[in-house]
Amino acid sequence: MTKKQRAETVIRELEKLYPEVPIPLDHADPYTLLVAVALSAQTTDKKVNQITPKLFEVAGDPFRMKDLEVDEIKYLIKEIGLANTKAKNLKKAAEILVEKHNGIVPKTYEELEELPGVGHKTASVVMSQAFGFPAFPVDTHIHRLMTQWKLTSGKNVIETERDAKKLFPEHTWNKLHLQIIFYGREYSPARGNKEKDFLTKMLFEKS
């Protein structure tokens, strides 16, 4: 199979497997999605979903978040990794959202990436899943599988994102990046038994 054929096979097979893909992080609006994605760094989505209901009950918008002390935020998110840094970032980001954007999450990469704790991947998730802009956020599952499928050189996530955008039609991006994440978790974990990884076998059985 050529690289183009492998990319087409990935799209076809993942669409069969995951015709519908829920957003893994529980949220109610762009702000709570932004917070959830920022919290998910070096932490599982499952753990984030366990702690955000209480957090959002207390501070589900930037106006209430900015009024909390850092220690209060840290206490609410203490079960996840890097809680101290994330608490400081949440408070500062909320202050910026209120001061510069009237409490509204902006719809540009540049403005999102100005917020503390918001890198390109987090901004891409918000642009894609909250606002519907075509984006291809690359997490560790996507980076690993794109490399495994020889659809990228695998040097870094920036190159992986660039290669994905060249290979896959734009209209597939918002759904496909989630489908790859779901496939990685269910069929091709980074550690453990990969016997279920039928797609990798399919891509290279004739190579």
# chains A, B, ... in the order shown; residues from 1 in each chain; ligands from 1

$ residues_around --residues "stretch 57-61 of chain A" --least-positions-apart "6" --cutoff "8 Å" --atoms "only C-alpha atoms" --output "MDAnalysis selection string"
chainID A and resid 31:32 103

$ residues_around --residues "A:Asp139" --least-positions-apart "6" --cutoff "10 Å" --atoms "only C-alpha atoms" --output "JSON list (two decimals) with C-alpha atoms, in the first residue's frame"
[["chain", "number", "residue", "atom", "x", "y", "z"],
["A", 41, "ALA", "CA", -2.28, 17.33, 30.26],
["A", 121, "LYS", "CA", -2.94, 21.26, 21.05],
["A", 122, "THR", "CA", -5.40, 22.63, 23.62],
["A", 157, "VAL", "CA", 3.84, 16.37, 17.13],
["A", 160, "THR", "CA", 2.72, 14.81, 12.72],
["A", 161, "GLU", "CA", -0.02, 17.46, 12.62],
["A", 177, "HIS", "CA", -8.56, 12.81, 15.21],
["A", 178, "LEU", "CA", -11.06, 11.53, 17.79],
["A", 180, "ILE", "CA", -7.74, 7.66, 16.00],
["A", 181, "ILE", "CA", -7.65, 8.39, 19.75]]

$ closest_residue --among "A:Ser128, A:Glu99, A:Tyr187, A:Lys166" --to "A:Ile23" --atoms "only C-alpha atoms"
A:Ser128

$ closest_residue --among "A:Arg144, A:Lys196, A:Lys86, A:Arg12" --to "A:Ala36" --atoms "only C-alpha atoms"
A:Lys86

$ atom_distance --atom1 "atom CA of A:Ala130" --atom2 "atom CA of A:Pro30"
5.3 Å

$ atom_distance --atom1 "atom CA of A:Asp45" --atom2 "atom CA of A:Leu25"
6.0 Å

$ closest_residue --among "A:Leu145, A:Ile11, A:Leu90, A:Leu97" --to "A:Gly184" --atoms "only C-alpha atoms"
A:Leu145

$ atom_distance --atom1 "atom CA of A:Val70" --atom2 "atom CA of A:Lys91"
6.6 Å

$ residues_around --residues "stretch 202-204 of chain A" --least-positions-apart "4" --cutoff "12 Å" --atoms "only C-alpha atoms" --output "count of residues only"
22

$ select_by_dssp --residues "stretch 53-104 of chain A" --states "alpha helix (DSSP H)" --output "PyMOL selection string"
chain A and resi 53-59+62-67+70-76+83-101
